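Below is query-v2.txt, which holds compact mmCIF, C-alpha atoms.
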# COMPACT_ATOMS: atom_id res chain seq x y z
CA MET G 1 3.88 -23.18 1.76
CA THR G 2 1.80 -25.82 3.43
CA GLN G 3 -0.04 -28.19 1.13
CA ALA G 4 -3.68 -27.35 0.47
CA PRO G 5 -6.35 -28.28 -2.03
CA ALA G 6 -6.36 -26.42 -5.31
CA THR G 7 -7.82 -22.94 -4.85
CA SER G 8 -11.13 -22.45 -6.64
CA HIS G 9 -11.60 -19.77 -9.27
CA SER G 10 -14.06 -17.87 -7.07
CA SER G 11 -11.65 -18.01 -4.15
CA ARG G 12 -8.82 -16.65 -6.30
CA ARG G 13 -11.02 -13.80 -7.47
CA ARG G 14 -11.97 -12.97 -3.88
CA HIS G 15 -8.31 -12.88 -2.86
CA ASP G 16 -7.46 -10.79 -5.93
CA ARG G 17 -10.08 -8.21 -4.99
CA GLU G 18 -8.77 -8.06 -1.42
CA ILE G 19 -5.17 -7.68 -2.57
CA VAL G 20 -5.94 -4.96 -5.11
CA ALA G 21 -8.19 -3.04 -2.70
CA LEU G 22 -5.41 -2.88 -0.09
CA ALA G 23 -2.25 -2.85 -2.22
CA VAL G 24 -3.07 -0.06 -4.70
CA PRO G 25 -3.75 2.66 -2.08
CA ALA G 26 -0.81 1.37 -0.02
CA PHE G 27 1.48 1.82 -3.02
CA GLY G 28 0.31 5.41 -3.44
CA ALA G 29 1.01 6.18 0.22
CA LEU G 30 4.45 4.54 0.04
CA VAL G 31 5.46 6.56 -3.02
CA ALA G 32 4.32 9.79 -1.33
CA GLU G 33 6.83 9.34 1.50
CA PRO G 34 10.07 9.87 -0.49
CA LEU G 35 8.45 12.80 -2.27
CA PHE G 36 8.78 14.78 0.99
CA VAL G 37 12.57 14.70 0.68
CA MET G 38 12.41 15.44 -3.05
CA VAL G 39 10.33 18.59 -2.45
CA ASP G 40 12.67 19.73 0.31
CA SER G 41 15.66 19.13 -1.97
CA ALA G 42 14.11 21.05 -4.87
CA ILE G 43 13.31 24.07 -2.68
CA VAL G 44 16.52 24.11 -0.64
CA GLY G 45 18.63 23.47 -3.75
CA HIS G 46 17.95 27.03 -4.94
CA LEU G 47 19.46 28.42 -1.73
CA GLY G 48 22.91 27.14 -2.60
CA THR G 49 25.13 24.07 -2.72
CA PRO G 50 26.16 24.14 0.98
CA GLN G 51 22.52 24.26 2.03
CA LEU G 52 21.62 21.35 -0.26
CA ALA G 53 24.60 19.35 0.99
CA GLY G 54 23.54 20.04 4.57
CA LEU G 55 20.02 18.89 3.79
CA GLY G 56 21.40 15.70 2.24
CA VAL G 57 23.33 14.81 5.39
CA ALA G 58 20.49 15.69 7.78
CA ALA G 59 17.86 13.88 5.69
CA ALA G 60 19.99 10.73 5.59
CA LEU G 61 20.35 10.78 9.38
CA LEU G 62 16.62 11.39 9.89
CA THR G 63 15.62 8.68 7.42
CA THR G 64 17.88 6.18 9.17
CA ALA G 65 16.57 7.12 12.61
CA VAL G 66 12.91 6.89 11.61
CA SER G 67 13.19 3.75 9.43
CA VAL G 68 14.59 1.82 12.40
CA PHE G 69 11.14 2.14 14.01
CA VAL G 70 9.16 0.86 11.03
CA PHE G 71 8.13 -2.04 13.29
CA LEU G 72 5.60 0.39 14.78
CA ALA G 73 3.59 0.04 11.58
CA TYR G 74 4.27 -3.64 10.89
CA ALA G 75 3.68 -5.06 14.37
CA THR G 76 0.61 -2.88 14.90
CA THR G 77 -0.90 -3.99 11.57
CA ALA G 78 -0.59 -7.66 12.48
CA ALA G 79 -1.92 -7.28 16.03
CA VAL G 80 -4.89 -5.13 15.01
CA ALA G 81 -5.78 -7.34 12.02
CA ARG G 82 -5.93 -10.45 14.23
CA ARG G 83 -8.43 -8.81 16.53
CA VAL G 84 -10.45 -7.57 13.56
CA GLY G 85 -10.61 -11.15 12.29
CA ALA G 86 -11.75 -12.28 15.73
CA GLY G 87 -14.57 -9.72 15.57
CA ASP G 88 -13.32 -7.64 18.52
CA LEU G 89 -12.99 -4.13 17.09
CA ALA G 90 -12.75 -2.48 20.52
CA SER G 91 -9.75 -4.64 21.42
CA ALA G 92 -8.26 -4.03 17.97
CA ILE G 93 -8.35 -0.26 18.40
CA ARG G 94 -7.13 -0.57 21.99
CA GLN G 95 -4.13 -2.52 20.67
CA GLY G 96 -3.57 0.21 18.11
CA MET G 97 -3.62 2.91 20.80
CA ASP G 98 -0.91 1.02 22.69
CA GLY G 99 1.23 1.19 19.55
CA ILE G 100 0.58 4.92 19.21
CA TRP G 101 1.53 5.58 22.84
CA LEU G 102 4.72 3.56 22.30
CA ALA G 103 5.48 5.68 19.22
CA LEU G 104 5.09 8.87 21.25
CA LEU G 105 7.43 7.64 23.99
CA LEU G 106 10.06 6.52 21.48
CA GLY G 107 9.78 9.83 19.62
CA ILE G 108 10.41 11.82 22.80
CA ALA G 109 13.43 9.65 23.58
CA VAL G 110 14.86 10.30 20.11
CA ILE G 111 14.44 14.08 20.57
CA VAL G 112 16.29 13.94 23.89
CA LEU G 113 19.19 12.17 22.16
CA ALA G 114 19.15 14.07 18.86
CA LEU G 115 19.13 17.69 20.05
CA PRO G 116 22.45 17.68 21.97
CA SER G 117 24.18 15.19 19.66
CA ALA G 118 23.23 16.80 16.33
CA PRO G 119 26.64 18.50 15.70
CA TRP G 120 28.51 15.28 16.52
CA LEU G 121 26.25 13.19 14.26
CA VAL G 122 26.68 15.62 11.38
CA ASP G 123 30.46 15.60 11.82
CA ALA G 124 30.55 11.79 12.06
CA PHE G 125 28.61 11.61 8.81
CA GLY G 126 31.39 13.52 7.07
CA ALA G 127 29.69 16.84 6.36
CA SER G 128 32.02 19.58 5.08
CA GLU G 129 32.73 22.70 7.12
CA THR G 130 30.43 24.77 4.92
CA ALA G 131 27.57 22.25 4.94
CA ALA G 132 27.77 21.23 8.63
CA PRO G 133 26.01 24.30 10.11
CA TYR G 134 23.06 23.88 7.75
CA ALA G 135 22.88 20.14 8.44
CA THR G 136 22.91 20.76 12.19
CA THR G 137 20.16 23.38 11.94
CA TYR G 138 17.94 21.16 9.81
CA LEU G 139 18.55 18.08 11.97
CA ARG G 140 17.78 19.82 15.26
CA ILE G 141 14.56 21.40 14.03
CA SER G 142 13.37 18.34 12.12
CA SER G 143 14.00 16.06 15.10
CA LEU G 144 11.14 17.87 16.84
CA GLY G 145 8.85 16.24 14.30
CA ILE G 146 10.04 12.69 14.97
CA PRO G 147 7.28 11.92 17.51
CA ALA G 148 4.74 12.92 14.86
CA MET G 149 6.51 10.76 12.25
CA LEU G 150 6.42 7.74 14.56
CA ILE G 151 2.78 8.36 15.46
CA VAL G 152 2.03 8.41 11.72
CA MET G 153 3.76 5.03 11.41
CA ALA G 154 1.83 3.45 14.28
CA ALA G 155 -1.51 4.96 13.23
CA THR G 156 -0.93 3.78 9.67
CA GLY G 157 -0.49 0.29 11.12
CA VAL G 158 -3.79 0.65 12.98
CA LEU G 159 -5.70 1.56 9.83
CA ARG G 160 -4.01 -1.14 7.75
CA GLY G 161 -4.99 -3.65 10.42
CA LEU G 162 -8.55 -2.36 10.13
CA GLN G 163 -8.27 -3.16 6.38
CA ASP G 164 -8.16 0.56 5.49
CA THR G 165 -5.32 1.68 3.21
CA ARG G 166 -7.29 4.49 1.56
CA THR G 167 -7.16 6.85 4.53
CA PRO G 168 -3.32 6.65 4.75
CA LEU G 169 -3.21 7.48 1.02
CA TYR G 170 -5.40 10.56 1.49
CA VAL G 171 -3.37 11.70 4.50
CA ALA G 172 -0.11 11.19 2.61
CA ILE G 173 -1.36 13.24 -0.33
CA GLY G 174 -2.51 16.02 2.01
CA GLY G 175 0.78 15.93 3.88
CA PHE G 176 2.76 16.11 0.65
CA ALA G 177 0.79 19.15 -0.56
CA ALA G 178 1.08 20.91 2.82
CA ASN G 179 4.80 20.17 3.00
CA GLY G 180 5.42 21.78 -0.39
CA ALA G 181 3.37 24.87 0.38
CA LEU G 182 4.84 25.36 3.85
CA ASN G 183 8.40 24.86 2.64
CA ALA G 184 8.06 27.39 -0.16
CA GLY G 185 6.33 29.91 2.10
CA LEU G 186 8.77 29.64 5.00
CA VAL G 187 11.98 29.32 2.98
CA TYR G 188 11.32 32.16 0.54
CA GLY G 189 8.24 34.03 1.75
CA ALA G 190 9.40 34.29 5.37
CA GLY G 191 13.10 34.24 4.45
CA LEU G 192 13.96 31.52 6.96
CA GLY G 193 16.23 29.58 4.61
CA ILE G 194 16.94 25.95 5.43
CA ALA G 195 15.38 26.40 8.87
CA GLY G 196 12.10 27.22 7.11
CA SER G 197 12.29 23.96 5.20
CA ALA G 198 12.77 22.04 8.44
CA TRP G 199 9.89 23.84 10.18
CA GLY G 200 7.65 23.27 7.17
CA THR G 201 8.32 19.52 7.29
CA VAL G 202 7.71 19.41 11.07
CA MET G 203 4.40 21.22 10.66
CA ALA G 204 3.32 18.90 7.82
CA GLN G 205 4.20 15.80 9.85
CA CYS G 206 2.33 17.13 12.88
CA GLY G 207 -0.69 17.80 10.68
CA MET G 208 -0.58 14.23 9.36
CA ALA G 209 -0.31 12.85 12.89
CA ALA G 210 -3.28 14.97 13.97
CA ALA G 211 -5.36 13.71 11.04
CA TYR G 212 -4.60 10.10 11.93
CA LEU G 213 -5.39 10.67 15.59
CA VAL G 214 -8.77 12.15 14.71
CA VAL G 215 -9.65 9.03 12.71
CA VAL G 216 -8.40 6.61 15.39
CA ILE G 217 -10.02 8.49 18.27
CA ARG G 218 -13.36 8.53 16.45
CA GLY G 219 -13.10 4.78 15.98
CA ALA G 220 -12.19 4.30 19.64
CA ARG G 221 -15.21 6.27 20.83
CA ARG G 222 -17.51 4.49 18.41
CA HIS G 223 -16.46 1.07 19.69
CA GLY G 224 -15.93 1.97 23.34
CA ALA G 225 -12.13 1.51 23.36
CA SER G 226 -10.03 3.29 25.99
CA LEU G 227 -7.71 6.05 24.82
CA TYR G 228 -5.56 6.18 27.95
CA PRO G 229 -2.05 4.69 28.04
CA ASP G 230 -1.82 1.16 29.42
CA ALA G 231 1.61 0.10 30.66
CA THR G 232 1.00 -3.58 30.01
CA GLY G 233 -0.27 -2.95 26.47
CA ILE G 234 2.63 -0.62 25.64
CA ARG G 235 5.10 -3.20 26.94
CA THR G 236 3.41 -5.91 24.86
CA SER G 237 3.67 -3.72 21.75
CA ALA G 238 7.35 -3.13 22.42
CA GLN G 239 8.00 -6.85 22.89
CA ALA G 240 6.19 -7.67 19.64
CA GLY G 241 8.22 -5.04 17.80
CA ALA G 242 11.65 -5.99 19.17
CA PRO G 243 12.27 -8.90 16.75
CA LEU G 244 11.20 -6.73 13.82
CA LEU G 245 13.67 -4.08 15.03
CA VAL G 246 16.44 -6.70 14.80
CA ARG G 247 15.24 -7.61 11.29
CA THR G 248 15.23 -3.97 10.19
CA LEU G 249 18.70 -3.26 11.61
CA SER G 250 20.06 -6.36 9.85
CA LEU G 251 18.57 -5.21 6.55
CA ARG G 252 20.00 -1.72 7.02
CA ALA G 253 23.39 -3.33 7.67
CA VAL G 254 23.14 -5.15 4.33
CA LEU G 255 22.48 -1.88 2.49
CA LEU G 256 25.27 -0.04 4.33
CA ILE G 257 27.76 -2.82 3.56
CA ALA G 258 26.77 -2.75 -0.12
CA THR G 259 27.28 1.02 -0.29
CA ALA G 260 30.61 0.82 1.55
CA VAL G 261 31.86 -1.87 -0.87
CA ALA G 262 30.71 0.15 -3.89
CA ALA G 263 32.63 3.17 -2.56
CA ARG G 264 35.82 1.08 -2.43
CA LEU G 265 35.37 0.07 -6.08
CA GLY G 266 35.81 3.61 -7.41
CA ASP G 267 33.91 6.79 -8.26
CA ALA G 268 32.16 5.36 -11.33
CA ASP G 269 31.05 2.31 -9.37
CA ILE G 270 29.65 4.22 -6.39
CA ALA G 271 27.85 6.65 -8.72
CA ALA G 272 26.33 3.76 -10.67
CA HIS G 273 25.49 1.95 -7.42
CA GLN G 274 23.47 4.91 -6.16
CA ILE G 275 21.45 4.89 -9.38
CA VAL G 276 20.85 1.14 -9.22
CA LEU G 277 19.96 1.31 -5.53
CA SER G 278 17.47 4.13 -6.19
CA LEU G 279 15.72 2.10 -8.89
CA TRP G 280 15.82 -1.04 -6.74
CA SER G 281 14.23 0.90 -3.88
CA LEU G 282 11.54 2.33 -6.18
CA MET G 283 10.58 -1.16 -7.37
CA ALA G 284 10.57 -2.29 -3.74
CA PHE G 285 7.70 0.14 -3.09
CA ALA G 286 5.52 -1.69 -5.61
CA LEU G 287 6.36 -5.09 -4.12
CA ASP G 288 6.03 -3.78 -0.56
CA ALA G 289 2.47 -2.69 -1.33
CA ILE G 290 1.55 -6.36 -1.85
CA ALA G 291 3.38 -7.23 1.37
CA ILE G 292 1.34 -4.64 3.27
CA ALA G 293 -1.85 -6.17 1.88
CA GLY G 294 -0.47 -9.53 3.06
CA GLN G 295 0.05 -8.28 6.59
CA ALA G 296 -3.54 -7.09 6.87
CA ILE G 297 -5.19 -10.04 5.10
CA ILE G 298 -3.20 -12.82 6.81
CA GLY G 299 -3.67 -11.28 10.24
CA ARG G 300 -7.43 -11.07 9.68
CA TYR G 301 -7.74 -14.68 8.49
CA LEU G 302 -5.72 -16.03 11.40
CA GLY G 303 -7.66 -13.92 13.88
CA ALA G 304 -10.87 -15.39 12.47
CA GLY G 305 -9.47 -18.92 12.89
CA ASP G 306 -9.47 -19.50 9.13
CA ALA G 307 -6.17 -21.33 8.59
CA GLN G 308 -7.23 -22.56 5.15
CA GLY G 309 -8.10 -19.02 4.04
CA ALA G 310 -4.68 -17.84 5.24
CA ARG G 311 -2.95 -20.58 3.21
CA GLU G 312 -4.93 -19.76 0.08
CA ALA G 313 -4.28 -16.02 0.46
CA CYS G 314 -0.57 -16.69 0.96
CA ARG G 315 -0.42 -18.82 -2.20
CA ARG G 316 -2.25 -16.21 -4.27
CA MET G 317 -0.07 -13.37 -3.02
CA VAL G 318 3.07 -15.32 -3.92
CA GLN G 319 1.69 -15.62 -7.45
CA TRP G 320 1.11 -11.86 -7.45
CA GLY G 321 4.64 -11.28 -6.21
CA ILE G 322 6.22 -13.41 -8.93
CA ALA G 323 4.12 -11.82 -11.67
CA SER G 324 4.90 -8.30 -10.40
CA GLY G 325 8.61 -9.14 -10.27
CA VAL G 326 8.57 -10.40 -13.86
CA VAL G 327 6.81 -7.24 -15.05
CA LEU G 328 9.19 -4.94 -13.14
CA GLY G 329 12.23 -6.81 -14.41
CA ALA G 330 10.99 -6.57 -18.00
CA LEU G 331 10.36 -2.83 -17.58
CA VAL G 332 13.93 -2.31 -16.38
CA VAL G 333 15.32 -4.10 -19.43
CA LEU G 334 13.03 -2.42 -21.96
CA ALA G 335 13.24 1.11 -20.53
CA ARG G 336 16.97 0.99 -19.81
CA PRO G 337 17.97 3.01 -22.91
CA LEU G 338 15.42 5.69 -21.97
CA PHE G 339 16.14 6.30 -18.28
CA THR G 340 19.90 5.70 -18.15
CA PRO G 341 20.76 9.04 -19.83
CA LEU G 342 18.43 10.81 -17.37
CA PHE G 343 20.69 9.80 -14.48
CA THR G 344 24.11 10.31 -16.00
CA SER G 345 25.90 11.28 -19.21
CA ASP G 346 29.22 9.90 -18.00
CA GLY G 347 30.21 7.02 -20.28
CA ALA G 348 32.16 5.23 -17.54
CA VAL G 349 29.19 5.32 -15.17
CA GLN G 350 26.81 4.12 -17.91
CA ASN G 351 29.11 1.21 -18.80
CA THR G 352 29.21 0.19 -15.14
CA LEU G 353 25.49 0.74 -14.65
CA ILE G 354 24.04 -1.34 -17.50
CA PRO G 355 25.23 -4.87 -16.53
CA ALA G 356 24.31 -4.23 -12.88
CA LEU G 357 20.81 -3.20 -13.96
CA LEU G 358 20.42 -6.46 -15.87
CA VAL G 359 21.26 -8.38 -12.71
CA VAL G 360 18.62 -6.39 -10.81
CA ALA G 361 16.07 -7.08 -13.56
CA LEU G 362 16.72 -10.83 -13.37
CA SER G 363 16.35 -10.83 -9.59
CA GLN G 364 12.96 -9.08 -9.44
CA PRO G 365 10.85 -12.29 -9.42
CA ILE G 366 12.91 -13.42 -6.40
CA ALA G 367 12.31 -10.04 -4.78
CA GLY G 368 8.58 -10.42 -5.43
CA VAL G 369 8.48 -13.68 -3.47
CA VAL G 370 10.63 -12.26 -0.67
CA PHE G 371 8.49 -9.18 -0.10
CA VAL G 372 5.25 -11.15 -0.15
CA LEU G 373 6.41 -13.87 2.25
CA ASP G 374 7.92 -11.20 4.50
CA GLY G 375 4.48 -9.59 4.69
CA VAL G 376 2.75 -12.92 5.26
CA LEU G 377 4.95 -13.80 8.23
CA MET G 378 4.64 -10.28 9.64
CA GLY G 379 0.87 -10.57 9.38
CA ALA G 380 1.12 -13.87 11.24
CA GLY G 381 3.14 -12.20 14.01
CA ASP G 382 6.13 -14.44 13.30
CA GLY G 383 8.64 -11.71 14.10
CA ARG G 384 11.10 -13.90 16.00
CA TYR G 385 11.65 -16.12 12.96
CA LEU G 386 12.00 -13.07 10.69
CA ALA G 387 14.73 -11.70 12.97
CA TRP G 388 16.74 -14.93 12.92
CA ALA G 389 16.24 -15.34 9.17
CA MET G 390 17.57 -11.85 8.48
CA LEU G 391 20.56 -12.36 10.78
CA ILE G 392 21.40 -15.56 8.85
CA THR G 393 21.05 -13.64 5.58
CA LEU G 394 23.39 -10.91 6.84
CA ALA G 395 25.93 -13.54 7.92
CA VAL G 396 25.92 -15.05 4.40
CA PHE G 397 25.93 -11.74 2.53
CA ALA G 398 28.59 -9.79 4.46
CA PRO G 399 31.66 -11.95 3.68
CA VAL G 400 30.63 -12.43 0.03
CA ALA G 401 30.13 -8.69 -0.51
CA LEU G 402 33.32 -7.71 1.32
CA LEU G 403 35.34 -10.05 -0.91
CA VAL G 404 34.11 -8.40 -4.13
CA PRO G 405 36.97 -5.82 -4.26
CA THR G 406 39.49 -8.64 -3.72
CA PHE G 407 38.24 -11.06 -6.36
CA GLY G 408 37.06 -8.47 -8.89
CA GLY G 409 33.88 -8.23 -10.93
CA GLY G 410 33.12 -4.67 -9.90
CA LEU G 411 29.61 -3.41 -9.35
CA THR G 412 28.05 -6.30 -11.28
CA ALA G 413 29.61 -8.77 -8.85
CA LEU G 414 28.33 -6.70 -5.92
CA TRP G 415 24.77 -6.86 -7.26
CA TRP G 416 25.12 -10.61 -7.79
CA ALA G 417 25.95 -10.67 -4.06
CA MET G 418 22.77 -8.66 -3.44
CA THR G 419 20.87 -11.22 -5.50
CA LEU G 420 22.40 -13.98 -3.36
CA MET G 421 21.16 -12.09 -0.31
CA MET G 422 17.63 -12.02 -1.73
CA ALA G 423 17.85 -15.72 -2.65
CA VAL G 424 18.84 -16.63 0.91
CA ARG G 425 15.95 -14.57 2.24
CA MET G 426 13.58 -16.31 -0.16
CA MET G 427 14.77 -19.74 0.93
CA THR G 428 14.46 -19.02 4.66
CA LEU G 429 10.99 -17.50 4.21
CA TRP G 430 9.79 -20.28 1.89
CA LEU G 431 10.91 -22.99 4.34
CA ARG G 432 8.99 -21.29 7.12
CA THR G 433 5.77 -20.86 5.15
CA ARG G 434 5.97 -24.44 3.88
CA SER G 435 6.38 -25.77 7.42
CA GLY G 436 3.05 -24.28 8.49
CA LYS G 437 4.49 -23.23 11.87
CA TRP G 438 3.50 -19.63 11.16
CA ILE G 439 -0.20 -20.57 11.20
CA VAL G 440 -1.33 -19.76 14.72
CA THR G 441 -5.00 -18.83 14.88
CA GLY G 442 -6.80 -16.67 17.42
CA ALA G 443 -7.02 -13.02 18.46
CA THR G 444 -3.46 -13.17 19.81
CA ARG G 445 -0.48 -15.23 18.74

What is this structure when it is put down as structure tokens?
Amino acid sequence: MTQAPATSHSSRRRHDREIVALAVPAFGALVAEPLFVMVDSAIVGHLGTPQLAGLGVAAALLTTAVSVFVFLAYATTAAVARRVGAGDLASAIRQGMDGIWLALLLGIAVIVLALPSAPWLVDAFGASETAAPYATTYLRISSLGIPAMLIVMAATGVLRGLQDTRTPLYVAIGGFAANGALNAGLVYGAGLGIAGSAWGTVMAQCGMAAAYLVVVIRGARRHGASLYPDATGIRTSAQAGAPLLVRTLSLRAVLLIATAVAARLGDADIAAHQIVLSLWSLMAFALDAIAIAGQAIIGRYLGAGDAQGAREACRRMVQWGIASGVVLGALVVLARPLFTPLFTSDGAVQNTLIPALLVVALSQPIAGVVFVLDGVLMGAGDGRYLAWAMLITLAVFAPVALLVPTFGGGLTALWWAMTLMMAVRMMTLWLRTRSGKWIVTGATR
């Protein structure tokens, strides 16, 4: 980070209050998202194994398709927060509406592609003959809800930029409850089977999108912001999101390579890898909550022209990230004997799992820094650098990971490669924040 005078105690407390106020509700909303799939799995699982297998394939495809567009939330948060800092709420909401219109257009495009290609995608994913029909049914119906899912992403970015993470938490809780009730009613009450689960999820997502739109439209009317689509604004939103799309695809490539390598190591290794990856992802939600706070806070400070405040907030959030990583790593080590048997009773899987978990525990402070600095640079609108940094990280990680089966070390060696990946990310992000080139003040970057 750039050099700055020591932060005063009162300043640290102010930043702490800001971080907690934004990060805690953000964490709740983030955790609610994977619960949708868990509820679907629990309900569909009682229909039979083929149905559950079909859901697994379709859900993986949907998650991949939607996660690619996460830039709708990130880029919108940064752009809106800058304008909030500059004191132009009408322009902030107008920028948010451009992101929402972009989300709608992208969602429609995905539907056009997904409906005819669903059987091919399911087959390419390796679904069995018995599971494929259920996967195709679920994928086709659920794809109708993708525009709503993307609108939820963009609208979440609008509210985060407006320094509001409580409303997304309330909407997520409501959506989770509605999803469970609709799934149970349509699957069993109406006898629709797996199609009922898909329709229930679509309806819940549409309800969430509607709730967000009500909040955003009220804000637009209150501040005199236009609700109509603006071609220039939509194009600007797409251009701002393109580098973050490259970053996201590169990160997805890292995770896919890691899973592919684990599969080559053997059944025990891939089973243990899935457990480790699930825990790693869960801890990422906690760290990502601080990053989301960083996006909103940094964008606001830079929009207000307060470069010093942005530096101080960045420094304090890094301290939060390190401390959170230490705590999470310690929890993994201490709770390991308790949660390991919950995942598997297979001795071979447990023996493979334990040393890999220790590597993950040791790497959590690094992950804390990475997530925070990622959020800081996103809040600063430094997407182009983030894209190049992630491409460099992928270029370093891929050959190291792919050589693990050749040189040995098993799953533990693979997770050391993942730790190397995080270390490279930390170094690239730290160099950027230290240079100060990310600090560009004003309502726009």

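Using all atoms listed in the file for every distance, the candidate list G:Ala21, G:Ala132, G:Leu139, G:Ala253 yields G:Leu139 as the residue closest to Ala118 in chain G.
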
Find the residues with any atom within 10 Å of (23.2, 21.0, 4.5); use all atoms listed in the file and the coordinates as given in the file, and write the answer as an MDAnalysis selection string.
chainID G and resid 44:45 48:59 122 127:128 130:139 194

How far is it from CA of Met418 in chain G to CA of Val400 in chain G, in Å with one decimal?
9.4 Å

Val215 in chain G proximity check over G:Val333, G:Met97, G:Ile146, G:Ala195, using all atoms listed in the file: winner is G:Met97

Please identify all polymer residues lying at most 10 Å from the point (2.2, -19.6, 12.2) (file coordinates), using only C-alpha atoms, and present the result as an MDAnalysis selection string.
chainID G and resid 302 307 310 376:382 432:433 435:441 445

Output C-alpha atoms of each residue in that selection to a file, as a CSV table (one decimal), in the coordinates of the input.
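Written out: result-v2.csv:
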chain,number,residue,atom,x,y,z
G,302,LEU,CA,-5.7,-16.0,11.4
G,307,ALA,CA,-6.2,-21.3,8.6
G,310,ALA,CA,-4.7,-17.8,5.2
G,376,VAL,CA,2.8,-12.9,5.3
G,377,LEU,CA,5.0,-13.8,8.2
G,378,MET,CA,4.6,-10.3,9.6
G,379,GLY,CA,0.9,-10.6,9.4
G,380,ALA,CA,1.1,-13.9,11.2
G,381,GLY,CA,3.1,-12.2,14.0
G,382,ASP,CA,6.1,-14.4,13.3
G,432,ARG,CA,9.0,-21.3,7.1
G,433,THR,CA,5.8,-20.9,5.2
G,435,SER,CA,6.4,-25.8,7.4
G,436,GLY,CA,3.0,-24.3,8.5
G,437,LYS,CA,4.5,-23.2,11.9
G,438,TRP,CA,3.5,-19.6,11.2
G,439,ILE,CA,-0.2,-20.6,11.2
G,440,VAL,CA,-1.3,-19.8,14.7
G,441,THR,CA,-5.0,-18.8,14.9
G,445,ARG,CA,-0.5,-15.2,18.7

Residues near range 401-412 of chain G, cut-off 9 Å, all atoms listed in the file, skip fewer than 2 positions along chain, as a list in words:
Ile257, Ala258, Ala260, Val261, Ala262, Arg264, Leu265, Asp269, Ile270, Ala272, His273, Thr352, Leu353, Ile354, Pro355, Ala356, Leu357, Leu358, Val359, Phe397, Ala398, Pro399, Leu414, Trp415, Trp416, Ala417 and Met418 of chain G

With a distance cut-off of 8 Å and only C-alpha atoms, select the neighbouring residues of Ala204 in chain G, excluding the residue or stretch itself and same-chain residues fewer than 2 positions from it, and output the selection as a ChimeraX atom specification.
/G:175-176,178-179,182,200-202,206-208

Export of prior selection with C-alpha atoms as a PDB file, keeping the file's coordinate frame:
ATOM      1  CA  GLY G 175       0.780  15.930   3.880  1.00  0.00           C
ATOM      2  CA  PHE G 176       2.760  16.110   0.650  1.00  0.00           C
ATOM      3  CA  ALA G 178       1.080  20.910   2.820  1.00  0.00           C
ATOM      4  CA  ASN G 179       4.800  20.170   3.000  1.00  0.00           C
ATOM      5  CA  LEU G 182       4.840  25.360   3.850  1.00  0.00           C
ATOM      6  CA  GLY G 200       7.650  23.270   7.170  1.00  0.00           C
ATOM      7  CA  THR G 201       8.320  19.520   7.290  1.00  0.00           C
ATOM      8  CA  VAL G 202       7.710  19.410  11.070  1.00  0.00           C
ATOM      9  CA  CYS G 206       2.330  17.130  12.880  1.00  0.00           C
ATOM     10  CA  GLY G 207      -0.690  17.800  10.680  1.00  0.00           C
ATOM     11  CA  MET G 208      -0.580  14.230   9.360  1.00  0.00           C
TER      12      MET G 208
END

As a check of understanding: the span from CA of Met153 in chain G to CA of Leu104 in chain G is 10.6 Å

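One distance worth recording is that between CA of Asp40 in chain G and CA of Val216 in chain G, which is 29.0 Å.
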
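Residues in contact range of Ile234 in chain G, defined as at most 12 Å between all atoms listed in the file, with sequence neighbours fewer than 4 positions away removed, read Leu72, Thr76, Arg94, Gln95, Gly96, Met97, Asp98, Gly99, Ile100, Trp101, Leu102, Ala103, Leu104, Leu105, Leu106, Tyr228, Pro229, Asp230, Ala238, Gln239, Ala240 and Gly241 of chain G.
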
Can I get the residues of range 269-321 of chain G within 10 Å of range 9-12 of chain G, each with the closest pair of atoms and their distance in Å to one decimal, using all atoms listed in the file, sorted chain first then ascending number, as JSON lines?
{"residue": "G:Gly309", "atom": "CA", "partner": "G:Ser11", "partner_atom": "CA", "distance": 9.0}
{"residue": "G:Glu312", "atom": "CA", "partner": "G:Arg12", "partner_atom": "CA", "distance": 8.1}
{"residue": "G:Ala313", "atom": "CA", "partner": "G:Arg12", "partner_atom": "CA", "distance": 8.2}
{"residue": "G:Arg315", "atom": "CA", "partner": "G:Arg12", "partner_atom": "CA", "distance": 9.6}
{"residue": "G:Arg316", "atom": "CA", "partner": "G:Arg12", "partner_atom": "CA", "distance": 6.9}
{"residue": "G:Met317", "atom": "CA", "partner": "G:Arg12", "partner_atom": "CA", "distance": 9.9}

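When all atoms listed in the file are used to compute distances to Trp280 in chain G, the closest of the residues G:Thr444, G:Ser142, G:Asn183, G:Ser363 turns out to be G:Ser363.
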
Can you check which parts of range 248-328 of chain G lie within 12 Å of range 80-89 of chain G? Per residue, the shortest pair of atoms and distance in Å to one decimal, counting only C-alpha atoms, sorted by chain and number, as a Markdown table.
| residue | atom | partner | partner_atom | distance |
| --- | --- | --- | --- | --- |
| G:Ile292 | CA | G:Ala81 | CA | 11.6 |
| G:Ala293 | CA | G:Ala81 | CA | 10.9 |
| G:Gly294 | CA | G:Ala81 | CA | 10.6 |
| G:Gln295 | CA | G:Ala81 | CA | 8.0 |
| G:Ala296 | CA | G:Ala81 | CA | 5.6 |
| G:Ile297 | CA | G:Ala81 | CA | 7.5 |
| G:Ile298 | CA | G:Ala81 | CA | 8.0 |
| G:Gly299 | CA | G:Arg82 | CA | 4.7 |
| G:Arg300 | CA | G:Gly85 | CA | 4.1 |
| G:Tyr301 | CA | G:Gly85 | CA | 5.9 |
| G:Leu302 | CA | G:Arg82 | CA | 6.3 |
| G:Gly303 | CA | G:Arg82 | CA | 3.9 |
| G:Ala304 | CA | G:Gly85 | CA | 4.3 |
| G:Gly305 | CA | G:Ala86 | CA | 7.6 |
| G:Asp306 | CA | G:Gly85 | CA | 9.0 |
| G:Ala307 | CA | G:Gly85 | CA | 11.7 |
| G:Gly309 | CA | G:Gly85 | CA | 11.7 |
| G:Ala310 | CA | G:Gly85 | CA | 11.4 |
